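**Student:** Below is the file structure_0.cif, with mmCIF, C-alpha atoms.
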data_input
#
loop_
_atom_site.label_atom_id
_atom_site.label_comp_id
_atom_site.auth_asym_id
_atom_site.auth_seq_id
_atom_site.Cartn_x
_atom_site.Cartn_y
_atom_site.Cartn_z
CA MET J 1 -22.45 -15.55 -22.98
CA THR J 2 -22.65 -19.01 -24.41
CA ASP J 3 -24.44 -22.11 -23.08
CA THR J 4 -21.83 -24.39 -24.61
CA VAL J 5 -19.16 -26.10 -22.53
CA VAL J 6 -15.58 -24.91 -22.98
CA ALA J 7 -12.62 -26.96 -21.77
CA ILE J 8 -9.18 -25.36 -21.44
CA VAL J 9 -6.82 -28.31 -21.24
CA GLY J 10 -3.16 -29.17 -20.86
CA GLY J 11 -1.79 -25.95 -19.39
CA ARG J 12 -0.18 -25.08 -16.09
CA VAL J 13 -3.24 -23.82 -14.26
CA VAL J 14 -2.48 -21.29 -11.51
CA PRO J 15 -5.72 -20.93 -9.54
CA VAL J 16 -4.15 -18.45 -7.05
CA ILE J 17 -6.10 -20.07 -4.21
CA GLY J 18 -4.54 -23.50 -4.15
CA GLU J 19 -1.48 -25.06 -5.74
CA PRO J 20 -0.68 -24.88 -9.46
CA ILE J 21 -1.95 -27.81 -11.52
CA GLU J 22 0.33 -29.17 -14.21
CA GLY J 23 -1.61 -30.37 -17.24
CA GLY J 24 -4.77 -29.05 -15.67
CA THR J 25 -8.28 -28.69 -17.07
CA ILE J 26 -10.77 -25.87 -16.56
CA LEU J 27 -14.39 -26.53 -17.49
CA VAL J 28 -16.60 -23.55 -18.28
CA THR J 29 -20.36 -23.61 -18.74
CA SER J 30 -22.50 -20.57 -19.53
CA GLY J 31 -19.63 -18.24 -18.74
CA LYS J 32 -18.92 -19.70 -15.29
CA ILE J 33 -16.13 -21.97 -14.12
CA THR J 34 -17.67 -25.32 -13.22
CA ALA J 35 -14.64 -27.48 -12.48
CA VAL J 36 -10.86 -27.18 -12.11
CA GLY J 37 -8.42 -30.05 -11.78
CA ARG J 38 -6.34 -32.70 -13.42
CA GLY J 39 -7.77 -35.65 -15.32
CA LEU J 40 -11.28 -34.22 -15.45
CA ASP J 41 -13.78 -35.80 -17.82
CA VAL J 42 -14.49 -33.40 -20.67
CA PRO J 43 -18.13 -33.57 -21.77
CA ALA J 44 -18.82 -34.68 -25.31
CA GLY J 45 -19.26 -31.76 -27.65
CA ALA J 46 -17.26 -29.35 -25.51
CA GLU J 47 -15.11 -26.77 -27.27
CA ILE J 48 -11.51 -27.78 -26.57
CA ILE J 49 -8.87 -25.10 -26.09
CA ASP J 50 -5.36 -26.53 -26.02
CA ALA J 51 -3.13 -24.71 -23.51
CA ALA J 52 -0.27 -27.22 -23.54
CA GLY J 53 3.02 -25.53 -22.72
CA ALA J 54 1.24 -22.37 -21.54
CA TRP J 55 0.17 -20.90 -18.20
CA VAL J 56 -3.50 -20.23 -17.39
CA LEU J 57 -4.40 -17.64 -14.76
CA PRO J 58 -7.39 -15.57 -13.71
CA GLY J 59 -7.52 -12.14 -15.31
CA PHE J 60 -5.46 -9.59 -13.43
CA ILE J 61 -7.20 -6.72 -11.65
CA GLU J 62 -6.05 -3.09 -11.51
CA ALA J 63 -7.45 -1.87 -8.18
CA HIS J 64 -6.67 1.81 -8.78
CA GLY J 65 -6.66 3.37 -12.21
CA HIS J 66 -8.17 6.05 -14.39
CA VAL J 67 -8.70 4.13 -17.61
CA GLY J 68 -11.79 5.42 -19.38
CA VAL J 69 -11.92 8.74 -17.49
CA HIS J 70 -8.41 9.89 -18.43
CA GLU J 71 -8.44 8.82 -22.05
CA GLU J 72 -5.23 8.39 -23.96
CA ALA J 73 -4.42 10.38 -27.10
CA GLU J 74 -7.47 12.61 -26.58
CA GLY J 75 -5.98 15.60 -24.76
CA TRP J 76 -8.33 17.82 -22.76
CA ALA J 77 -11.41 16.35 -24.47
CA GLY J 78 -10.81 12.98 -22.84
CA GLN J 79 -9.74 14.29 -19.43
CA ASP J 80 -12.55 13.74 -16.92
CA THR J 81 -10.53 12.67 -13.91
CA ASN J 82 -11.04 15.60 -11.53
CA GLU J 83 -14.10 17.79 -10.97
CA LEU J 84 -12.08 20.71 -9.60
CA THR J 85 -14.90 23.22 -9.17
CA GLU J 86 -15.10 22.64 -5.40
CA PRO J 87 -13.03 20.74 -2.82
CA VAL J 88 -15.72 18.18 -1.92
CA THR J 89 -17.36 16.38 -4.85
CA ALA J 90 -18.53 13.18 -3.19
CA GLN J 91 -21.61 13.23 -5.44
CA VAL J 92 -19.72 12.70 -8.71
CA ARG J 93 -19.37 9.19 -10.11
CA ALA J 94 -16.57 7.80 -12.24
CA LEU J 95 -19.32 5.67 -13.76
CA ASP J 96 -20.69 8.70 -15.62
CA ALA J 97 -17.43 9.55 -17.41
CA ILE J 98 -15.97 6.18 -18.46
CA ASN J 99 -15.54 5.78 -22.21
CA PRO J 100 -15.24 2.09 -23.19
CA ALA J 101 -13.55 3.18 -26.42
CA ASP J 102 -10.51 4.46 -24.51
CA LEU J 103 -7.40 2.82 -25.94
CA GLY J 104 -6.38 1.93 -22.39
CA PHE J 105 -8.93 -0.88 -22.29
CA ARG J 106 -7.24 -2.59 -25.25
CA ASP J 107 -3.89 -2.21 -23.53
CA ALA J 108 -5.37 -3.70 -20.37
CA VAL J 109 -6.65 -6.82 -22.08
CA SER J 110 -3.40 -7.33 -24.02
CA GLY J 111 -1.57 -7.19 -20.68
CA GLY J 112 -3.84 -9.73 -19.02
CA VAL J 113 -5.79 -7.14 -17.01
CA LEU J 114 -9.48 -7.98 -17.35
CA ALA J 115 -10.95 -5.82 -14.58
CA VAL J 116 -10.24 -2.38 -13.18
CA ASN J 117 -11.45 -0.12 -10.41
CA VAL J 118 -11.76 3.34 -11.96
CA ASN J 119 -11.15 6.18 -9.52
CA PRO J 120 -11.70 9.91 -9.78
CA GLY J 121 -8.47 11.86 -9.43
CA SER J 122 -6.67 13.26 -6.40
CA GLY J 123 -7.09 16.99 -6.94
CA ASN J 124 -9.87 17.28 -4.37
CA PRO J 125 -9.89 16.36 -0.68
CA ILE J 126 -12.95 14.26 -1.57
CA GLY J 127 -13.03 13.39 -5.26
CA GLY J 128 -16.02 11.11 -5.79
CA GLN J 129 -17.22 7.56 -6.24
CA THR J 130 -15.23 4.76 -7.84
CA ALA J 131 -16.55 2.05 -10.17
CA ALA J 132 -15.35 -1.52 -10.63
CA LEU J 133 -15.79 -2.92 -14.12
CA LYS J 134 -14.59 -5.45 -16.63
CA CYS J 135 -12.29 -4.22 -19.36
CA TRP J 136 -14.37 -5.14 -22.40
CA GLY J 137 -17.85 -4.11 -23.55
CA ARG J 138 -19.86 -1.63 -25.60
CA THR J 139 -21.11 0.45 -22.69
CA VAL J 140 -19.94 0.93 -19.14
CA ASP J 141 -23.27 -0.50 -17.99
CA GLU J 142 -22.43 -3.81 -19.69
CA MET J 143 -18.97 -3.80 -18.15
CA LEU J 144 -20.01 -2.83 -14.64
CA LEU J 145 -19.20 -5.06 -11.68
CA LYS J 146 -19.94 -2.71 -8.80
CA ALA J 147 -20.69 0.99 -8.35
CA PRO J 148 -19.92 2.66 -6.15
CA ALA J 149 -16.97 0.49 -5.15
CA GLY J 150 -15.41 3.16 -2.93
CA MET J 151 -15.10 6.87 -2.17
CA LYS J 152 -11.93 8.60 -3.37
CA SER J 153 -10.23 11.05 -1.02
CA ALA J 154 -6.81 12.69 -1.17
CA LEU J 155 -4.31 13.92 1.37
CA GLY J 156 -0.91 15.44 0.76
CA GLU J 157 0.45 17.55 -2.05
CA ASN J 158 -2.24 17.39 -4.71
CA PRO J 159 -5.25 19.08 -3.04
CA LYS J 160 -3.09 21.67 -1.25
CA ARG J 161 -1.44 22.55 -4.58
CA VAL J 162 -4.71 22.77 -6.55
CA TYR J 163 -6.52 24.99 -4.06
CA GLY J 164 -3.46 26.74 -2.64
CA GLU J 165 -2.64 28.08 -6.09
CA ARG J 166 -6.15 29.54 -6.16
CA LYS J 167 -5.64 31.12 -2.73
CA GLN J 168 -8.61 29.23 -1.33
CA SER J 169 -9.17 26.51 1.20
CA PRO J 170 -7.60 24.04 1.58
CA SER J 171 -4.08 25.31 1.00
CA THR J 172 -2.36 23.21 3.68
CA ARG J 173 -2.40 19.66 5.00
CA LEU J 174 -4.27 20.78 8.10
CA GLY J 175 -6.81 22.53 5.90
CA THR J 176 -7.32 19.40 3.80
CA ALA J 177 -7.97 17.29 6.89
CA ALA J 178 -10.40 19.92 8.18
CA VAL J 179 -12.35 19.91 4.91
CA ILE J 180 -12.66 16.13 5.04
CA ARG J 181 -13.73 16.12 8.69
CA ALA J 182 -16.34 18.83 8.10
CA ALA J 183 -17.86 16.91 5.19
CA LEU J 184 -18.05 13.70 7.22
CA VAL J 185 -19.63 15.53 10.17
CA ASP J 186 -22.24 16.95 7.79
CA ALA J 187 -22.91 13.42 6.53
CA ALA J 188 -23.23 12.08 10.08
CA ASN J 189 -25.71 14.84 10.91
CA TYR J 190 -27.67 14.05 7.75
CA LEU J 191 -27.83 10.39 8.74
CA ALA J 192 -28.90 11.30 12.27
CA LYS J 193 -31.79 13.40 10.93
CA ILE J 194 -32.98 10.60 8.69
CA GLU J 195 -32.71 8.02 11.46
CA ALA J 196 -34.54 10.31 13.90
CA GLU J 197 -37.44 10.67 11.48
CA GLN J 198 -37.54 6.92 10.86
CA ARG J 199 -37.98 6.32 14.59
CA LYS J 200 -41.14 8.44 14.63
CA PRO J 201 -44.60 7.08 13.85
CA GLU J 202 -45.08 7.15 10.09
CA ASP J 203 -47.72 9.90 10.21
CA ASP J 204 -45.39 12.19 12.17
CA ARG J 205 -42.33 11.90 9.93
CA LYS J 206 -40.95 14.94 8.12
CA TYR J 207 -39.47 14.67 4.65
CA ILE J 208 -35.69 15.18 4.56
CA ASP J 209 -34.56 16.73 1.29
CA ARG J 210 -32.19 14.49 -0.62
CA ASP J 211 -28.57 15.60 -0.81
CA LEU J 212 -26.48 13.58 -3.28
CA LYS J 213 -23.20 14.62 -1.68
CA LEU J 214 -24.26 13.62 1.82
CA GLU J 215 -25.98 10.46 0.61
CA ALA J 216 -22.70 9.31 -0.92
CA LEU J 217 -20.69 10.07 2.22
CA ALA J 218 -23.33 8.33 4.34
CA ARG J 219 -22.54 5.10 2.47
CA VAL J 220 -18.99 5.37 3.78
CA LEU J 221 -20.15 5.95 7.35
CA ARG J 222 -22.48 2.96 7.05
CA LYS J 223 -19.50 0.87 5.85
CA GLU J 224 -21.26 0.07 2.60
CA ILE J 225 -18.19 1.19 0.65
CA PRO J 226 -14.56 1.78 1.68
CA TRP J 227 -12.78 5.10 1.95
CA ARG J 228 -10.08 5.13 -0.76
CA GLN J 229 -7.37 7.37 0.68
CA HIS J 230 -4.76 8.76 -1.69
CA CYS J 231 -1.63 9.34 0.37
CA HIS J 232 2.11 8.84 -0.12
CA ARG J 233 4.04 10.17 2.88
CA ALA J 234 4.02 8.43 6.24
CA ASP J 235 2.65 11.52 7.99
CA ASP J 236 -0.29 11.62 5.56
CA ILE J 237 -0.90 7.91 6.10
CA ALA J 238 -0.98 8.60 9.84
CA THR J 239 -3.60 11.28 9.20
CA ALA J 240 -5.61 8.78 7.17
CA LEU J 241 -5.50 6.34 10.10
CA ARG J 242 -6.54 9.10 12.52
CA LEU J 243 -9.54 10.11 10.40
CA ALA J 244 -10.64 6.51 9.92
CA GLU J 245 -10.51 5.93 13.66
CA GLU J 246 -12.53 9.08 14.33
CA PHE J 247 -15.32 8.27 11.87
CA GLY J 248 -15.18 4.47 11.93
CA TYR J 249 -15.12 3.73 8.21
CA ASP J 250 -13.30 1.01 6.28
CA LEU J 251 -10.00 2.41 5.01
CA VAL J 252 -7.90 1.49 1.98
CA ILE J 253 -4.55 3.22 1.43
CA ASP J 254 -3.96 4.14 -2.21
CA HIS J 255 -0.33 4.58 -3.38
CA GLY J 256 1.29 4.20 0.06
CA THR J 257 4.78 5.16 -1.07
CA GLU J 258 5.97 5.32 2.55
CA ALA J 259 3.48 2.80 3.92
CA HIS J 260 6.35 0.44 4.77
CA LEU J 261 7.34 2.89 7.52
CA LEU J 262 4.01 2.13 9.24
CA ALA J 263 3.69 -1.48 8.09
CA ASP J 264 3.23 -2.89 11.58
CA VAL J 265 0.36 -0.50 12.31
CA LEU J 266 -1.34 -1.21 8.98
CA ALA J 267 -1.01 -4.97 9.46
CA THR J 268 -2.41 -4.82 13.00
CA ARG J 269 -5.41 -2.79 11.83
CA ASN J 270 -5.88 -4.99 8.74
CA ILE J 271 -5.74 -1.99 6.39
CA PRO J 272 -4.80 -2.92 2.79
CA VAL J 273 -2.42 -0.90 0.65
CA ILE J 274 -2.73 -0.51 -3.11
CA ILE J 275 0.89 0.35 -3.82
CA GLY J 276 2.21 2.12 -6.88
CA PRO J 277 2.81 3.28 -9.47
CA LEU J 278 6.30 1.80 -9.23
CA PHE J 279 7.85 2.78 -12.57
CA THR J 280 7.76 6.55 -12.16
CA SER J 281 10.53 8.98 -11.36
CA ARG J 282 10.64 10.76 -8.01
CA SER J 283 8.83 13.71 -9.54
CA LYS J 284 7.69 15.31 -6.27
CA VAL J 285 8.61 15.34 -2.62
CA GLU J 286 6.03 12.72 -1.72
CA LEU J 287 7.82 10.20 -3.94
CA ARG J 288 11.26 10.64 -2.41
CA ASN J 289 11.12 7.12 -0.94
CA ARG J 290 9.53 5.38 -3.92
CA SER J 291 11.21 2.01 -4.32
CA LEU J 292 10.54 -1.40 -5.82
CA ASP J 293 11.62 -2.76 -2.44
CA ASN J 294 8.50 -1.42 -0.72
CA PRO J 295 5.88 -3.99 -1.85
CA GLY J 296 8.04 -6.77 -0.44
CA LYS J 297 8.51 -4.93 2.85
CA LEU J 298 4.76 -4.46 3.24
CA ALA J 299 3.87 -8.04 2.37
CA ALA J 300 6.56 -9.42 4.68
CA ALA J 301 5.05 -7.39 7.53
CA GLY J 302 1.64 -8.98 6.92
CA VAL J 303 -0.01 -6.11 5.06
CA THR J 304 -2.46 -7.09 2.32
CA ILE J 305 -1.22 -5.44 -0.86
CA ALA J 306 -2.38 -4.90 -4.40
CA ILE J 307 -0.21 -3.35 -7.09
CA THR J 308 -1.32 -0.44 -9.24
CA THR J 309 -0.05 1.28 -12.37
CA ASP J 310 -2.27 4.30 -11.67
CA HIS J 311 -2.97 4.18 -15.42
CA PRO J 312 -2.24 6.26 -17.43
CA VAL J 313 0.64 7.32 -15.15
CA VAL J 314 2.16 3.93 -16.04
CA PRO J 315 0.50 2.06 -18.92
CA ILE J 316 -1.90 -0.52 -17.52
CA ASN J 317 -0.38 -3.34 -19.60
CA PHE J 318 2.78 -2.98 -17.48
CA LEU J 319 0.95 -4.16 -14.35
CA ALA J 320 2.51 -7.64 -14.48
CA HIS J 321 5.95 -6.12 -15.11
CA GLN J 322 5.67 -4.00 -11.95
CA ALA J 323 4.91 -7.17 -10.01
CA ALA J 324 7.80 -9.02 -11.68
CA LEU J 325 10.34 -6.37 -10.75
CA SER J 326 8.91 -6.22 -7.23
CA VAL J 327 9.71 -9.93 -6.98
CA LYS J 328 13.22 -9.17 -8.18
CA HIS J 329 13.43 -6.69 -5.28
CA GLY J 330 12.23 -9.09 -2.59
CA LEU J 331 8.47 -9.59 -2.90
CA ASP J 332 7.45 -13.24 -2.55
CA ARG J 333 6.27 -14.43 -5.99
CA ASP J 334 3.04 -15.97 -4.66
CA ALA J 335 2.31 -12.71 -2.85
CA ALA J 336 2.93 -10.90 -6.14
CA LEU J 337 0.33 -13.01 -7.94
CA ARG J 338 -2.16 -12.44 -5.13
CA ALA J 339 -1.45 -8.71 -5.43
CA LEU J 340 -2.65 -8.88 -9.04
CA THR J 341 -5.67 -11.13 -8.49
CA ILE J 342 -7.47 -12.11 -5.30
CA ASN J 343 -6.25 -9.19 -3.16
CA PRO J 344 -7.54 -6.43 -5.47
CA ALA J 345 -10.73 -8.46 -5.97
CA ARG J 346 -11.32 -8.45 -2.23
CA ILE J 347 -10.40 -4.80 -1.81
CA ILE J 348 -12.95 -3.65 -4.40
CA GLY J 349 -15.56 -6.18 -3.29
CA VAL J 350 -15.77 -8.48 -6.33
CA ASP J 351 -13.98 -11.58 -5.00
CA ASP J 352 -17.23 -13.55 -5.26
CA ARG J 353 -16.80 -13.33 -9.04
CA LEU J 354 -13.14 -12.67 -9.83
CA GLY J 355 -9.59 -13.07 -8.56
CA SER J 356 -9.08 -16.83 -8.64
CA ILE J 357 -9.93 -19.90 -10.70
CA GLU J 358 -12.68 -21.58 -8.70
CA PRO J 359 -16.04 -23.18 -9.53
CA GLY J 360 -18.82 -20.61 -9.54
CA LYS J 361 -16.63 -17.67 -10.53
CA ASP J 362 -16.73 -15.84 -13.85
CA ALA J 363 -14.62 -17.48 -16.54
CA ASP J 364 -12.39 -14.43 -16.99
CA LEU J 365 -9.22 -16.28 -17.87
CA VAL J 366 -5.90 -15.55 -19.54
CA ILE J 367 -3.54 -17.91 -21.32
CA TRP J 368 0.08 -16.78 -21.13
CA SER J 369 2.96 -18.05 -23.24
CA GLY J 370 4.87 -18.66 -19.99
CA ASP J 371 5.23 -17.39 -16.45
CA PRO J 372 3.50 -13.97 -16.35
CA LEU J 373 6.20 -12.77 -13.95
CA ASP J 374 8.75 -13.30 -16.71
CA VAL J 375 8.81 -10.07 -18.73
CA LEU J 376 9.31 -12.10 -21.92
CA SER J 377 5.96 -13.86 -21.49
CA ARG J 378 2.92 -12.45 -23.21
CA VAL J 379 -0.82 -12.97 -23.30
CA THR J 380 -1.79 -15.28 -26.16
CA ARG J 381 -5.52 -15.56 -25.47
CA ALA J 382 -7.98 -13.89 -23.10
CA PHE J 383 -11.52 -14.93 -22.23
CA MET J 384 -14.29 -13.00 -20.54
CA ASP J 385 -17.32 -14.93 -19.29
CA GLY J 386 -15.98 -17.86 -21.30
CA GLU J 387 -15.91 -15.93 -24.58
CA GLU J 388 -12.63 -15.20 -26.31
CA ILE J 389 -12.00 -11.44 -26.47
CA TYR J 390 -8.32 -11.38 -27.45
CA ARG J 391 -5.81 -13.49 -29.34
CA PHE J 392 -2.17 -12.97 -30.24
CA GLU J 393 -1.11 -15.24 -33.06
CA ASP J 394 1.55 -15.05 -35.76
CA GLY J 395 2.67 -11.66 -34.48
CA GLU J 396 -0.78 -10.11 -34.74
CA ALA J 397 -3.23 -9.11 -32.02
CA THR J 398 -6.94 -9.57 -32.64
CA PHE J 399 -9.76 -8.27 -30.44
CA ALA J 400 -13.35 -9.51 -30.46
CA GLU J 401 -16.10 -7.15 -31.47
CA ARG J 402 -17.63 -5.36 -28.53
#
Mind converting the file's structure to structure tokens?

**Tutor:**
Amino acid sequence: MTDTVVAIVGGRVVPVIGEPIEGGTILVTSGKITAVGRGLDVPAGAEIIDAAGAWVLPGFIEAHGHVGVHEEAEGWAGQDTNELTEPVTAQVRALDAINPADLGFRDAVSGGVLAVNVNPGSGNPIGGQTAALKCWGRTVDEMLLKAPAGMKSALGENPKRVYGERKQSPSTRLGTAAVIRAALVDAANYLAKIEAEQRKPEDDRKYIDRDLKLEALARVLRKEIPWRQHCHRADDIATALRLAEEFGYDLVIDHGTEAHLLADVLATRNIPVIIGPLFTSRSKVELRNRSLDNPGKLAAAGVTIAITTDHPVVPINFLAHQAALSVKHGLDRDAALRALTINPARIIGVDDRLGSIEPGKDADLVIWSGDPLDVLSRVTRAFMDGEEIYRFEDGEATFAER
């Protein structure tokens, strides 16, 4: 991070919160945005970055992906998405398996995606803890924004297939729900024991053995992190709502292929949907109603949405293209930009730092050749904490050293 002042001038600045600014200026000091507007005084000695004719936006955010844990071009050696040795693995952390050298991070930056929430996979009823991080750095610890940022859980086809093929529980939807409920009851009992001991005089307290699995689930019950529920079909989404009501945690719907069928309920309960991937075939029953129309239907009903590629299911650099084609199919274009920026930032709990161009936020900014919702536009420069990390010039892409 530099202490010098950087001024990005002359571009169409799209702050996301607030109206676009033609010929706007963004001032950056020590990696933070300090001012945004038109006709701002640029301090003497500032580094000037000319964005005339270009669009300037906050870095996009992939709220649900597997970049770094499901590495590309590495085969089984780079596949660390699912710990399938038992149905409940709440204790495992995506943080411990993310490889910053994964080619997916380069793709992310070149597509304007500067932050990602990395999830464990959906093979288990409870798959583990997510991690929110920036998309550039030498180690995951340097890149980290928040961990855990959520608890991954799965309903529907995936867990019943994985364990059903092994002839063990859970092999049905009702078995999957039962496994989840039992784990959460165990966590509630664990919390109750701890709280009962804490109410005793200090000399009378008994030591409660630590349990990493139950500790992690207790964070959900305390509403410290959201429950990230993988589900596609409307009946599975209804089960997700039922479980959340029973245990009182904060719920986020991941994928939500048929969430539009329950849009009114989701909007009333203020439950966000991270919808996607949108460029896949209908490869299983759960995806029968996959459609580019669905993001627009959800947003029109008042549901807060983010859009996901589920990388590497769809390459992460196609995130903006998914949003663009959703607009073509009825999604309001401003809602589409929010679904790539401030909405995912809020869902993963990093909106104090990312998701819009506002004073005090990190200077994670992207200069586009044109409207990012035009598939012909491309990223020409990307900045993280005010430092340039990517440039596309004369047909050649250049990345900064990590």

**Student:** From the options J:Thr34, J:Ser122, J:Thr139, J:Asn317, which residue's atoms come nearest to Arg106 in chain J, counting all atoms listed in the file?

**Tutor:**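 Under the stated criterion, the closest residue is J:Asn317.
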
**Student:** Tell me, in Å to one decimal, how far CA of Gly39 in chain J is from CA of Pro20 in chain J.

**Tutor:**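 Going from CA of Gly39 in chain J over to CA of Pro20 in chain J covers 14.2 Å.
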
**Student:** Counting only C-alpha atoms, find residues at most 10 Å from (3.5, 14.2, -3.3) (file frame) and give them as a list in words.

**Tutor:** Leu155, Gly156, Glu157, Asn158, Arg161, Cys231, His232, Arg233, Asp236, Thr257, Arg282, Ser283, Lys284, Val285, Glu286, Leu287 and Arg288 of chain J

**Student:** Selection in question (the file shown): the PyMOL selection byres ((chain J and resi 24) around 10). Which residues does it include, as a ChimeraX atom specification?

**Tutor:** /J:8-14,20-23,25-26,36-40,51-52,55-56

**Student:** Taking the file above as input, evaluate the PyMOL selection byres ((chain J and resi 141) around 12) and report the hits as a PyMOL selection string.

**Tutor:** chain J and resi 95-100+131-140+142-147

**Student:** Decode the PyMOL selection byres ((chain J and resi 77-88) around 9) for the given file into explicit residues and return them as a ChimeraX atom specification.

**Tutor:** /J:66,68-76,89-92,94,97-99,102,119-128,159,162-163,169-170,176,179-180,183,213

**Student:** One decimal, in Å: what's the spacing between CA of Ala259 in chain J and CA of Leu243 in chain J?

**Tutor:**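 A separation of 16.3 Å between them.
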
**Student:** Suppose you want the space between CA of Glu62 in chain J and CA of Ser30 in chain J; what is it in Å?

**Tutor:**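 Computing the Euclidean distance for CA of Glu62 in chain J and CA of Ser30 in chain J yields 25.3 Å.
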
**Student:** Restricting the calculation to all atoms listed in the file, which member of J:Ile342, J:Ile274, J:Ala54, J:Val313 is positioned closest to Pro372 in chain J?

**Tutor:**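 Nearest candidate to Pro372 in chain J out of J:Ile342, J:Ile274, J:Ala54, J:Val313: J:Ala54.
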
**Student:** Taking all atoms listed in the file into account, name the residue in J:Val350, J:Val303, J:Gly150, J:Ala115 that is nearest to Thr268 in chain J.

**Tutor:** J:Val303

**Student:** Might you pull out every residue within 9 Å of Arg290 in chain J, with all atoms listed in the file counted and same-chain residues fewer than 6 positions away left off, and present them as JSON, numbers by chain?

**Tutor:** {"J": [257, 258, 276, 277, 278, 280, 281, 282]}

**Student:** Do a neighbour search on Leu292 in chain J at 9 Å with all atoms listed in the file, toss out local chain neighbours closer than 2 positions, and write the hits as a list in words.

**Tutor:**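 The filter keeps Leu278, Phe279, Arg290, Asn294, Pro295, Gly296, Gln322, Leu325, Ser326, Val327, Lys328, His329, Gly330 and Leu331 of chain J.
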